[in-house]
Structures are given as C-alpha cells and as structure tokens.
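Q: Handing you a structure now.
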Amino acid sequence: MKWKQQSPINLQPTVSATTPADYLELAWSKAIDGFLHQGPHGIEVLFGTDSDVFLRLEGKPFHLRNFHFHHPSEHCLNADAFHGELHLVHQNLSDLSYAVVGVFLSIDNSQSETDQMKELIQSFQRSHKSVSGPAKPIPLQPQSWLPPSYERLLRYEGSLTTEPFTESVTWLVLPDPKPISETLFAAIFGCHPQEARGLQSLDRRYILDLEVNIKLSK
Ligand SMILES: [Zn+2]
C-alpha cells in the first residue's frame, strides 16, 4: 500500500487560526484504571471502551484507549526534538478513527511527582522485574499530564506511528512541553526502551497553529 499521510513529522506550522469556544473539550479529570501491556514497541497503559475519560473535538467524541511514551520525542518542533513525548490515544467508537494528543516532555529537576505518578513509576518498575501475579490496575488521571500552558495546539492529519500505521489519525500536539523530574523520566524510560519512529515527509499537508481555549470538563 502507498501511504499518503504518515506520522511523526517536523512540526513547522503553516497556517495560523483562532478557534470557536467549544473547539476542544478534555474530560480528563477523572482517574480511570488502565492496565500495563508490554507491546512490540514498548510499554503502554490500555483502557477499556467504557471509559468516561474522553475528548470532544469539534463535537465528535473520542475515548481514551491507550497511554504511552516515546524517547526521544517522535515529533519535532521547528526541527528540535524534546527528551520525550507522551501519546494519549483516543478513538471514536463508531467510525474507529483516532485523535491522539501529543505532549512533549522535558527534564526539569525542580518538579516533584504526584502520588499517581509515583504509582505509575512503581508499576513500571514492577513490570520490569516481571513480578508474577494478576495485573494490578493503574489509576491514571490524564489531566495531571497537561503542560503548564495549553493555549496553543498544532493540528494535522496523520497516522499511527507504529504498525499498522493507520492513516485515520487527527494529531493534536501541544507545543509547550510538560516538565518532569529526572526520577520520573528514568523510571519511564530506564526500564523499558520506547521506540521513536523517524520523521516522515509532510507532502501536501497543512499544519494548523491554533489559538485554543481548551475546555476542561469533569
Ligand atoms: Zn506513540
């Protein structure tokens, strides 16, 4: 098959625009239980389809399905990479299309971890040691992974960055990075190498640089 719109890419915004008030809603404040899964491309946290943590993009709902990291960042911003990148993969349950929120991660030792982040670290470390027994659910609150500022959003149409590279993904990348401590960074990436796919060509696509007033709902 000939691919037409692959990800990741170098994010060099091409079109600036403002957005209406209800453009993007993040219902990310609840903590939901996810389960660690060691996939072919690294460790991920998977969620069921009944999750009430979701986003609404221009009125269309997408449910949180998967939470995982890459090191270094997969996307670049004006040709620069970051230490890491978090992907919050959401899926519309009717047409199965995706909306993925990308959050860049930068190391900042003035940051302390929340209790949930500490629990995530322990889960990652336990899974590395292959402690047997039933998988313990990990409560995750996506909102705690938002960067300090999120008034800008880079949007483009692309693909999953791992197989099967499906091209029905709307990418929403926050250009301002989330600072995390070296301890958290080491826990995420030290135990489990997380692959980052190389940059793909933009071809005829646009990258929208959006001024956005993200609605955070309960
Ligand atoms: Zn990813």
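Simple scheme: letters A, B, ... for chains in structure tokens order, numbers from 1 for residues in each chain, numbers from 1 for ligands in the order shown.
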Taking only C-alpha atoms and all ligand atoms into account, which residues have an atom no farther than 10 Å from ligand 1? I'd like them as a PyMOL selection string.

A: chain A and resi 7-8+41-42+44+66-71+73-75+85-89+100-102+160-162+194-197

Q: With only C-alpha atoms as the counted atoms, please give the residues lying no more than 7 Å from segment 164-170 of chain A, apart from itself and same-chain residues fewer than 3 positions off, as an NGL selection string.

A: :A and (5-6 or 97-100 or 156-161)

Q: Identify, on the basis of only C-alpha atoms, every residue whose closest approach to Ile207 of chain A does not exceed 12 Å; exclude the query and any residue fewer than 6 positions from it along the same chain; express the result as a list in words.

A: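 The residues satisfying every condition are Ile9, Asn10, Leu11, Gln12, Pro13, Thr14, Val15, Ser16, Ala17, Leu77, Asn78, Leu153, Leu154, Arg155, Tyr156, Glu157, Gly158, Thr170, Trp171, Leu172 and Val173 of chain A.
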
Q: Would you kindly return, as a list of chain:residue names, each protein, DNA or RNA residue with an atom no farther than 9 Å from any atom of segment 59-63 of chain A, considering only C-alpha atoms and excluding same-chain residues fewer than 5 positions away?

A: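 Here the qualifying residues turn out to be A:Asp22, A:Tyr23, A:Leu24, A:Glu25, A:Thr49, A:Asp50, A:Ser51, A:Asp52, A:Val53, A:Phe54, A:Val89, A:His90, A:Gln91, A:Asn92, A:Leu93, A:Leu96, A:Ser97, A:Tyr98, A:Ala99.
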
Q: Write out as a ChimeraX atom specification the set of residues from segment 180-210 of chain A that DSSP, computed on the backbone, places in helix (DSSP H, G or I).

A: /A:182-191

Q: Please dump the current selection as a short mmCIF file (atom, residue, chain, number, x, y, z; two decimals), in the first residue's frame; keep C-alpha atoms.

A:
data_model
loop_
_atom_site.label_atom_id
_atom_site.label_comp_id
_atom_site.auth_asym_id
_atom_site.auth_seq_id
_atom_site.Cartn_x
_atom_site.Cartn_y
_atom_site.Cartn_z
CA GLU A 182 14.71 13.07 36.10
CA THR A 183 13.46 10.38 38.51
CA LEU A 184 10.19 10.08 36.66
CA PHE A 185 11.94 10.24 33.30
CA ALA A 186 14.36 7.48 34.33
CA ALA A 187 11.52 5.32 35.65
CA ILE A 188 9.58 5.66 32.41
CA PHE A 189 12.44 5.15 30.03
CA GLY A 190 15.07 3.33 32.10
CA CYS A 191 13.13 0.09 32.46
#
